$ cat final.pdb   # PDB, C-alpha atoms
ATOM      1  CA  MET A 251      87.924  86.876  91.470
ATOM      2  CA  THR A 252      89.839  89.153  93.822
ATOM      3  CA  HIS A 253      92.745  91.115  92.375
ATOM      4  CA  VAL A 254      95.256  92.679  94.778
ATOM      5  CA  VAL A 255      97.359  95.589  93.524
ATOM      6  CA  PHE A 256     100.459  96.455  95.527
ATOM      7  CA  GLY A 257     101.380 100.080  94.959
ATOM      8  CA  THR A 258      99.253 103.130  94.188
ATOM      9  CA  GLY A 259     101.620 105.157  92.066
ATOM     10  CA  PRO A 260     100.650 106.192  88.527
ATOM     11  CA  VAL A 261     100.698 102.638  87.142
ATOM     12  CA  GLY A 262      99.166 101.024  90.226
ATOM     13  CA  LEU A 263      96.223 103.426  90.278
ATOM     14  CA  ALA A 264      95.660 103.097  86.534
ATOM     15  CA  LEU A 265      95.604  99.319  86.980
ATOM     16  CA  VAL A 266      93.178  99.570  89.907
ATOM     17  CA  GLU A 267      90.851 101.677  87.757
ATOM     18  CA  HIS A 268      91.139  99.270  84.808
ATOM     19  CA  LEU A 269      90.374  96.207  86.920
ATOM     20  CA  ALA A 270      87.462  97.923  88.688
ATOM     21  CA  GLU A 271      85.954  99.000  85.363
ATOM     22  CA  ALA A 272      86.189  95.357  84.232
ATOM     23  CA  GLY A 273      84.027  94.355  87.197
ATOM     24  CA  HIS A 274      86.659  92.687  89.369
ATOM     25  CA  ASP A 275      86.803  92.747  93.149
ATOM     26  CA  VAL A 276      89.896  94.910  93.709
ATOM     27  CA  VAL A 277      92.070  95.508  96.752
ATOM     28  CA  ALA A 278      94.632  98.332  96.548
ATOM     29  CA  VAL A 279      97.559  98.235  98.959
ATOM     30  CA  ASN A 280      99.905 101.011 100.001
ATOM     31  CA  ARG A 281     101.790 102.064 103.092
ATOM     32  CA  SER A 282      99.788 105.175 103.998
ATOM     33  CA  GLY A 283      96.202 104.135 103.383
ATOM     34  CA  GLY A 284      95.678 107.297 101.348
ATOM     35  CA  ALA A 285      94.855 107.167  97.632
ATOM     36  CA  ASP A 286      92.054 108.242  95.324
ATOM     37  CA  VAL A 287      90.611 104.862  94.359
ATOM     38  CA  PRO A 288      87.294 104.175  92.583
ATOM     39  CA  ASP A 289      84.146 103.400  94.534
ATOM     40  CA  GLY A 290      83.984  99.758  95.530
ATOM     41  CA  VAL A 291      87.766  99.318  95.682
ATOM     42  CA  ARG A 292      89.101  98.400  99.116
ATOM     43  CA  LEU A 293      92.176 100.361 100.147
ATOM     44  CA  VAL A 294      94.395  98.644 102.704
ATOM     45  CA  ALA A 295      97.380 100.218 104.451
ATOM     46  CA  GLY A 296     100.371  98.138 105.433
ATOM     47  CA  ASP A 297     104.047  97.341 105.058
ATOM     48  CA  ALA A 298     104.487  95.212 101.942
ATOM     49  CA  SER A 299     107.935  94.119 103.118
ATOM     50  CA  ASP A 300     106.236  92.253 105.993
ATOM     51  CA  SER A 301     105.297  88.762 104.789
ATOM     52  CA  ASP A 302     102.751  88.356 107.595
ATOM     53  CA  PHE A 303     100.927  91.374 106.195
ATOM     54  CA  THR A 304     101.132  90.254 102.563
ATOM     55  CA  VAL A 305      99.903  86.769 103.432
ATOM     56  CA  ASP A 306      96.942  88.280 105.267
ATOM     57  CA  VAL A 307      95.989  90.866 102.632
ATOM     58  CA  MET A 308      96.260  88.330  99.786
ATOM     59  CA  ARG A 309      94.117  85.681 101.440
ATOM     60  CA  GLY A 310      91.553  84.533  98.857
ATOM     61  CA  ALA A 311      93.175  86.474  95.996
ATOM     62  CA  SER A 312      93.351  84.997  92.501
ATOM     63  CA  VAL A 313      95.836  87.494  91.016
ATOM     64  CA  ALA A 314      98.297  89.896  92.636
ATOM     65  CA  TYR A 315     100.136  92.713  90.890
ATOM     66  CA  GLN A 316     103.475  94.025  92.090
ATOM     67  CA  CYS A 317     103.539  97.719  91.167
ATOM     68  CA  LEU A 318     105.631  98.810  94.114
ATOM     69  CA  ALA A 319     108.206 101.565  93.881
ATOM     70  CA  PRO A 320     110.407 102.305  96.902
ATOM     71  CA  PRO A 321     112.288 105.617  96.927
ATOM     72  CA  TYR A 322     114.532 105.817  93.889
ATOM     73  CA  THR A 323     117.645 106.277  95.992
ATOM     74  CA  ARG A 324     116.970 103.177  98.133
ATOM     75  CA  TRP A 325     116.276 100.423  95.620
ATOM     76  CA  PRO A 326     119.130  98.088  96.663
ATOM     77  CA  GLU A 327     118.122  98.018 100.315
ATOM     78  CA  LEU A 328     114.318  98.059  99.987
ATOM     79  CA  PHE A 329     113.182  96.645  96.650
ATOM     80  CA  PRO A 330     114.254  92.980  97.040
ATOM     81  CA  ALA A 331     112.572  92.694 100.441
ATOM     82  CA  LEU A 332     109.332  94.141  99.088
ATOM     83  CA  GLN A 333     109.280  91.626  96.263
ATOM     84  CA  ALA A 334     110.178  88.706  98.544
ATOM     85  CA  ALA A 335     107.262  89.459 100.864
ATOM     86  CA  VAL A 336     104.804  89.786  97.985
ATOM     87  CA  VAL A 337     106.013  86.440  96.636
ATOM     88  CA  GLU A 338     105.387  84.861 100.039
ATOM     89  CA  GLY A 339     101.857  86.230 100.025
ATOM     90  CA  ALA A 340     101.247  84.801  96.554
ATOM     91  CA  VAL A 341     102.649  81.414  97.585
ATOM     92  CA  ALA A 342     100.367  81.279 100.638
ATOM     93  CA  SER A 343      97.243  82.313  98.725
ATOM     94  CA  GLY A 344      97.931  80.430  95.500
ATOM     95  CA  ALA A 345      97.495  83.683  93.589
ATOM     96  CA  LYS A 346      99.203  84.344  90.291
ATOM     97  CA  LEU A 347     101.801  87.118  90.554
ATOM     98  CA  VAL A 348     102.128  89.767  87.843
ATOM     99  CA  SER A 349     105.225  91.902  88.308
ATOM    100  CA  PHE A 350     105.627  95.316  86.705
ATOM    101  CA  GLY A 351     109.201  95.919  85.596
ATOM    102  CA  ASN A 352     111.267  98.216  83.427
ATOM    103  CA  LEU A 353     114.203  97.892  81.036
ATOM    104  CA  TYR A 354     117.086  98.872  83.312
ATOM    105  CA  LEU A 355     118.360  95.283  83.501
ATOM    106  CA  TYR A 356     119.192  95.313  79.765
ATOM    107  CA  GLY A 357     121.674  98.159  80.013
ATOM    108  CA  SER A 358     122.591 100.006  76.809
ATOM    109  CA  PRO A 359     120.558  99.290  73.646
ATOM    110  CA  ASN A 360     123.749  99.238  71.535
ATOM    111  CA  GLY A 361     121.810 100.088  68.383
ATOM    112  CA  VAL A 362     119.392  97.134  68.686
ATOM    113  CA  PRO A 363     115.691  97.287  69.706
ATOM    114  CA  PHE A 364     114.865  95.711  73.054
ATOM    115  CA  THR A 365     113.158  92.327  72.738
ATOM    116  CA  GLU A 366     112.296  89.877  75.498
ATOM    117  CA  ASP A 367     114.990  87.370  74.530
ATOM    118  CA  ARG A 368     117.769  89.871  75.192
ATOM    119  CA  PRO A 369     120.039  88.748  78.067
ATOM    120  CA  PRO A 370     120.486  91.093  81.039
ATOM    121  CA  ALA A 371     123.536  93.361  80.814
ATOM    122  CA  PRO A 372     123.030  95.963  83.538
ATOM    123  CA  THR A 373     125.397  98.904  83.596
ATOM    124  CA  GLY A 374     124.506 100.316  87.006
ATOM    125  CA  GLN A 375     123.211  99.546  90.458
ATOM    126  CA  LYS A 376     119.498  99.882  89.680
ATOM    127  CA  GLY A 377     119.849  97.654  86.629
ATOM    128  CA  ARG A 378     121.576  94.990  88.697
ATOM    129  CA  VAL A 379     118.802  95.131  91.302
ATOM    130  CA  ARG A 380     116.196  94.681  88.596
ATOM    131  CA  ALA A 381     118.100  91.816  86.981
ATOM    132  CA  ASP A 382     118.476  89.968  90.292
ATOM    133  CA  MET A 383     114.813  90.480  91.159
ATOM    134  CA  ALA A 384     113.660  89.224  87.754
ATOM    135  CA  GLN A 385     115.788  86.109  88.109
ATOM    136  CA  GLU A 386     114.353  85.445  91.567
ATOM    137  CA  LEU A 387     110.831  85.629  90.135
ATOM    138  CA  MET A 388     111.613  83.267  87.285
ATOM    139  CA  ASP A 389     113.292  80.844  89.701
ATOM    140  CA  ALA A 390     110.194  80.897  91.914
ATOM    141  CA  HIS A 391     108.029  80.106  88.901
ATOM    142  CA  ALA A 392     110.325  77.351  87.621
ATOM    143  CA  SER A 393     110.333  75.695  91.038
ATOM    144  CA  GLY A 394     106.546  75.572  91.069
ATOM    145  CA  ARG A 395     106.234  77.752  94.173
ATOM    146  CA  VAL A 396     104.153  80.409  92.457
ATOM    147  CA  ARG A 397     102.868  81.345  89.000
ATOM    148  CA  VAL A 398     104.722  84.415  87.781
ATOM    149  CA  VAL A 399     104.690  86.697  84.761
ATOM    150  CA  ILE A 400     106.585  89.964  84.228
ATOM    151  CA  GLY A 401     105.376  92.944  82.191
ATOM    152  CA  ARG A 402     107.991  95.543  81.239
ATOM    153  CA  ALA A 403     107.525  99.093  80.019
ATOM    154  CA  SER A 404     109.771 101.887  78.850
ATOM    155  CA  ASP A 405     109.828 105.400  80.306
ATOM    156  CA  TYR A 406     106.184 106.191  80.848
ATOM    157  CA  PHE A 407     103.900 109.167  80.335
ATOM    158  CA  GLY A 408     100.234 109.821  80.936
ATOM    159  CA  PRO A 409      97.822 110.679  83.763
ATOM    160  CA  ARG A 410      99.577 111.028  87.134
ATOM    161  CA  GLY A 411     102.980 110.518  85.499
ATOM    162  CA  MET A 412     104.441 113.546  87.216
ATOM    163  CA  LEU A 413     107.963 112.409  88.049
ATOM    164  CA  SER A 414     108.829 110.472  84.912
ATOM    165  CA  HIS A 415     111.269 111.738  82.294
ATOM    166  CA  MET A 416     108.230 112.628  80.165
ATOM    167  CA  GLY A 417     106.282 114.117  83.061
ATOM    168  CA  GLU A 418     105.859 117.455  84.757
ATOM    169  CA  ARG A 419     109.260 118.774  83.582
ATOM    170  CA  VAL A 420     107.915 118.551  80.028
ATOM    171  CA  PHE A 421     104.144 118.954  80.087
ATOM    172  CA  TYR A 422     103.911 122.022  82.341
ATOM    173  CA  PRO A 423     106.357 124.025  80.194
ATOM    174  CA  VAL A 424     104.486 122.820  77.101
ATOM    175  CA  LEU A 425     101.180 124.081  78.502
ATOM    176  CA  ALA A 426     102.784 127.418  79.378
ATOM    177  CA  GLY A 427     104.334 127.782  75.925
ATOM    178  CA  LYS A 428     107.830 127.635  77.407
ATOM    179  CA  ASN A 429     110.874 125.744  76.219
ATOM    180  CA  ALA A 430     111.319 122.164  77.414
ATOM    181  CA  GLN A 431     114.627 120.708  78.576
ATOM    182  CA  VAL A 432     115.224 116.959  78.649
ATOM    183  CA  PHE A 433     118.010 114.561  79.537
ATOM    184  CA  GLY A 434     120.212 113.296  76.718
ATOM    185  CA  ASP A 435     119.831 114.002  73.015
ATOM    186  CA  PRO A 436     116.228 114.895  72.053
ATOM    187  CA  THR A 437     116.868 114.091  68.384
ATOM    188  CA  GLN A 438     117.335 110.373  69.153
ATOM    189  CA  PRO A 439     114.420 107.919  68.801
ATOM    190  CA  HIS A 440     113.021 106.921  72.184
ATOM    191  CA  THR A 441     110.079 104.645  72.988
ATOM    192  CA  TYR A 442     107.681 105.998  75.606
ATOM    193  CA  SER A 443     104.969 103.834  77.217
ATOM    194  CA  TYR A 444     101.478 105.212  77.931
ATOM    195  CA  ILE A 445     100.338 104.546  81.499
ATOM    196  CA  PRO A 446      96.806 103.314  80.609
ATOM    197  CA  ASP A 447      98.377 100.894  78.086
ATOM    198  CA  ILE A 448     100.707  99.598  80.796
ATOM    199  CA  ALA A 449      97.745  99.005  83.097
ATOM    200  CA  ALA A 450      95.709  97.232  80.407
ATOM    201  CA  GLY A 451      98.732  95.115  79.491
ATOM    202  CA  LEU A 452      99.333  94.024  83.085
ATOM    203  CA  ALA A 453      95.659  93.106  83.427
ATOM    204  CA  THR A 454      95.915  91.002  80.264
ATOM    205  CA  LEU A 455      98.920  89.166  81.690
ATOM    206  CA  GLY A 456      96.899  88.471  84.821
ATOM    207  CA  GLU A 457      94.064  86.974  82.794
ATOM    208  CA  ARG A 458      95.999  84.824  80.343
ATOM    209  CA  ASP A 459      97.497  81.494  81.435
ATOM    210  CA  ASP A 460      99.650  81.366  78.305
ATOM    211  CA  ALA A 461     101.478  84.480  79.529
ATOM    212  CA  ASP A 462     103.011  82.711  82.529
ATOM    213  CA  GLY A 463     106.664  82.008  83.162
ATOM    214  CA  ARG A 464     108.290  84.759  81.129
ATOM    215  CA  ALA A 465     108.665  88.502  80.641
ATOM    216  CA  TRP A 466     106.735  90.548  78.070
ATOM    217  CA  ASN A 467     107.332  94.022  76.670
ATOM    218  CA  LEU A 468     104.003  95.768  77.146
ATOM    219  CA  PRO A 469     102.413  97.483  74.119
ATOM    220  CA  ASN A 470     104.000 100.668  72.809
ATOM    221  CA  ALA A 471     102.974 103.036  70.049
ATOM    222  CA  GLU A 472     105.359 104.020  67.271
ATOM    223  CA  THR A 473     108.766 105.288  68.358
ATOM    224  CA  LEU A 474     109.543 108.925  67.620
ATOM    225  CA  SER A 475     112.432 111.095  68.639
ATOM    226  CA  THR A 476     111.901 112.855  71.950
ATOM    227  CA  GLN A 477     111.805 116.119  70.031
ATOM    228  CA  GLU A 478     109.032 114.853  67.738
ATOM    229  CA  PHE A 479     107.113 113.493  70.720
ATOM    230  CA  ILE A 480     107.182 116.842  72.535
ATOM    231  CA  SER A 481     106.312 118.683  69.330
ATOM    232  CA  LYS A 482     103.079 116.693  69.281
ATOM    233  CA  ALA A 483     102.469 117.814  72.860
ATOM    234  CA  TYR A 484     102.954 121.470  71.885
ATOM    235  CA  ALA A 485     100.500 120.990  69.027
ATOM    236  CA  ALA A 486      97.937 119.379  71.332
ATOM    237  CA  ALA A 487      98.324 122.202  73.845
ATOM    238  CA  GLY A 488      98.064 124.880  71.179
ATOM    239  CA  THR A 489     101.413 126.378  72.196
ATOM    240  CA  THR A 490     104.927 126.547  70.811
ATOM    241  CA  GLY A 491     108.373 126.150  72.281
ATOM    242  CA  LYS A 492     111.791 124.669  71.728
ATOM    243  CA  VAL A 493     113.147 121.346  72.944
ATOM    244  CA  SER A 494     116.749 121.181  74.088
ATOM    245  CA  ALA A 495     119.093 118.943  76.049
ATOM    246  CA  MET A 496     119.753 119.810  79.668
ATOM    247  CA  PRO A 497     123.428 120.788  79.840
ATOM    248  CA  ALA A 498     125.566 118.110  81.463
ATOM    249  CA  ALA A 499     127.081 120.706  83.793
ATOM    250  CA  LEU A 500     123.601 121.606  85.054
ATOM    251  CA  VAL A 501     122.717 117.945  85.607
ATOM    252  CA  ASN A 502     125.901 117.475  87.599
ATOM    253  CA  LEU A 503     125.226 120.594  89.654
ATOM    254  CA  VAL A 504     121.651 119.612  90.495
ATOM    255  CA  ALA A 505     122.813 116.079  91.324
ATOM    256  CA  LEU A 506     124.960 117.493  94.132
ATOM    257  CA  PHE A 507     121.823 118.530  95.996
ATOM    258  CA  ASN A 508     119.152 116.173  94.635
ATOM    259  CA  GLY A 509     119.480 112.432  95.267
ATOM    260  CA  ASP A 510     116.906 111.492  92.629
ATOM    261  CA  VAL A 511     118.789 113.380  89.911
ATOM    262  CA  ARG A 512     122.028 111.809  91.114
ATOM    263  CA  GLU A 513     120.449 108.376  90.637
ATOM    264  CA  ILE A 514     118.953 109.307  87.257
ATOM    265  CA  LYS A 515     122.451 109.857  85.912
ATOM    266  CA  GLU A 516     122.733 106.060  85.631
ATOM    267  CA  VAL A 517     120.048 105.934  82.932
ATOM    268  CA  ILE A 518     120.816 109.162  81.059
ATOM    269  CA  PRO A 519     123.017 107.315  78.511
ATOM    270  CA  GLY A 520     119.845 105.623  77.253
ATOM    271  CA  PHE A 521     118.651 109.046  76.112
ATOM    272  CA  LYS A 522     121.789 109.705  74.078
ATOM    273  CA  GLU A 523     121.258 106.937  71.509
ATOM    274  CA  PRO A 524     118.300 105.202  69.811
ATOM    275  CA  TYR A 525     116.198 103.520  72.522
ATOM    276  CA  VAL A 526     113.556 101.409  70.828
ATOM    277  CA  VAL A 527     111.330  98.818  72.516
ATOM    278  CA  ASP A 528     109.798  96.025  70.440
ATOM    279  CA  SER A 529     106.400  94.892  71.790
ATOM    280  CA  THR A 530     105.515  92.700  68.796
ATOM    281  CA  ALA A 531     105.384  89.499  70.859
ATOM    282  CA  PHE A 532     102.731  90.857  73.229
ATOM    283  CA  GLU A 533     100.635  92.436  70.497
ATOM    284  CA  SER A 534     100.633  89.344  68.257
ATOM    285  CA  THR A 535      99.964  86.921  71.127
ATOM    286  CA  PHE A 536      97.238  88.804  72.957
ATOM    287  CA  GLY A 537      95.796  90.987  70.186
ATOM    288  CA  ARG A 538      96.164  94.223  72.135
ATOM    289  CA  ALA A 539      97.944  97.203  70.581
ATOM    290  CA  ALA A 540      98.967 100.475  72.180
ATOM    291  CA  THR A 541      96.973 103.686  72.047
ATOM    292  CA  PRO A 542      98.137 105.828  69.086
ATOM    293  CA  LEU A 543     100.276 108.796  70.103
ATOM    294  CA  ASP A 544      97.815 111.156  68.416
ATOM    295  CA  THR A 545      95.345 110.073  71.107
ATOM    296  CA  SER A 546      97.574 109.454  74.127
ATOM    297  CA  ILE A 547      99.621 112.663  73.941
ATOM    298  CA  PRO A 548      96.572 115.001  73.786
ATOM    299  CA  ALA A 549      94.978 113.014  76.643
ATOM    300  CA  THR A 550      98.108 113.545  78.709
ATOM    301  CA  VAL A 551      98.151 117.258  77.904
ATOM    302  CA  GLU A 552      94.555 117.522  79.098
ATOM    303  CA  TRP A 553      95.331 115.668  82.322
ATOM    304  CA  PHE A 554      98.153 118.082  83.131
ATOM    305  CA  ARG A 555      95.934 121.019  82.148
ATOM    306  CA  SER A 556      93.296 119.851  84.641
ATOM    307  CA  HIS A 557      95.930 119.370  87.346
ATOM    308  CA  PRO A 558      97.797 122.698  87.465
ATOM    309  CA  LYS A 559     101.234 122.726  89.021
TER
END

$ encode --input "final.pdb" --output "structure tokens"
Amino acid sequence: MTHVVFGTGPVGLALVEHLAEAGHDVVAVNRSGGADVPDGVRLVAGDASDSDFTVDVMRGASVAYQCLAPPYTRWPELFPALQAAVVEGAVASGAKLVSFGNLYLYGSPNGVPFTEDRPPAPTGQKGRVRADMAQELMDAHASGRVRVVIGRASDYFGPRGMLSHMGERVFYPVLAGKNAQVFGDPTQPHTYSYIPDIAAGLATLGERDDADGRAWNLPNAETLSTQEFISKAYAAAGTTGKVSAMPAALVNLVALFNGDVREIKEVIPGFKEPYVVDSTAFESTFGRAATPLDTSIPATVEWFRSHPK
């Protein structure tokens, strides 16, 4: 069975490694042709928004995984076309399509944990893009054009997770014994998804026929406050420091010069209230739970320690 992974960001590469370790024939696809992939994995460069390319690279594939991530500031103009071309490749090859998504389409939690039966209620541009893309995938599945399943994760952390909310802005200060600043209110509960768990969950969705035709919240460990989460990171690193909220005035100032921060402002409200993701459906159906935080947080600390800034 050939598995094609579109995208070699943190989740895409973790998925490539997981599939290769399981003994699958794996093709990794990105635009540049540069990525550190395991031995035996074929790395193909190309434009995933070109359906001629996706049809060609997916020829003979049994499962394809959409782990693409265009520049954060250009989602509306680039993301739908990327997905559409990958769908065309899956239709031509007969491959099952596993799409990696997030929770932006749900909007504000409003005091209720996120479950898969929650209707979309996007509050910003990126959420609307995600909602429209998810609906297009489900329509393609319902029409019989292609088998589709969606796996969703919360804000992620783990190896290679440099640019996430729980990435280099947290773990490098933790390793240095410096204070950590985060968006929103660090005393609020917030679910964080571990990158290797995301990869294993997507692979499970690719394997299981009973997963098809719907979205699943991928496995998450227990939800702590952001402050408690980072305190565990300090303990794992053997350092100490304080956790505080980045002042709104500073966020606004940085946003004037940094497009990514300007875009992040859309999702900051989710860090000012309880943000809890319920992955019970996945865990009970497929028998796969998340890695405990007492294992995943120290592993992440060690990855950042071995990859100095």

$ closest_residue --input "final.pdb" --among "A:Gly456, A:Gly434, A:Gly491, A:Pro320" --to "Thr252 in chain A" --atoms "only C-alpha atoms"
A:Gly456

$ resolve_selection --input "final.pdb" --expression "the PyMOL selection byres ((chain A and resi 330-332) around 7)" --output "list in words"
Ala298, Ser299, Leu328, Phe329, Gln333, Ala334, Ala335, Val336 and Met383 of chain A

$ closest_residue --input "final.pdb" --among "A:Thr373, A:Ser414, A:Asn470, A:Ser358" --to "Pro260 in chain A" --atoms "all atoms listed in the file"
A:Ser414

$ closest_residue --input "final.pdb" --among "A:Trp466, A:Tyr422, A:Tyr444, A:Phe479" --to "Ser556 in chain A" --atoms "only C-alpha atoms"
A:Tyr422

$ closest_atom_pairs --input "final.pdb" --of "range 288-373 of chain A" --to "range 269-278 of chain A" --cutoff "6 Å" --atoms "only C-alpha atoms" --output "tab-separated table"
residue	atom	partner	partner_atom	distance
A:Val291	CA	A:Val276	CA	5.3
A:Arg292	CA	A:Val277	CA	4.8
A:Leu293	CA	A:Ala278	CA	4.8

$ closest_residue --input "final.pdb" --among "A:Asp389, A:Glu267, A:Asp289, A:Asp528" --to "Asp367 in chain A" --atoms "only C-alpha atoms"
A:Asp528

$ atom_distance --input "final.pdb" --atom1 "CA of Val305 in chain A" --atom2 "CA of Ala342 in chain A"
6.2 Å

$ resolve_selection --input "final.pdb" --expression "the PyMOL selection byres ((chain A and resi 337) around 12)" --output "ChimeraX atom specification"
/A:256,298-305,308,313-316,330-336,338-349,383,386-391,395-399

$ resolve_selection --input "final.pdb" --expression "the PyMOL selection byres ((chain A and resi 475) around 6)" --output "ChimeraX atom specification"
/A:437-440,474,476-478

$ atom_distance --input "final.pdb" --atom1 "CA of Pro436 in chain A" --atom2 "CA of Ala449 in chain A"
26.8 Å

$ closest_residue --input "final.pdb" --among "A:Arg378, A:Lys482, A:Arg324, A:His253" --to "Thr550 in chain A" --atoms "only C-alpha atoms"
A:Lys482

$ closest_residue --input "final.pdb" --among "A:Val279, A:Val379, A:Ala487, A:Val254" --to "Pro326 in chain A" --atoms "all atoms listed in the file"
A:Val379
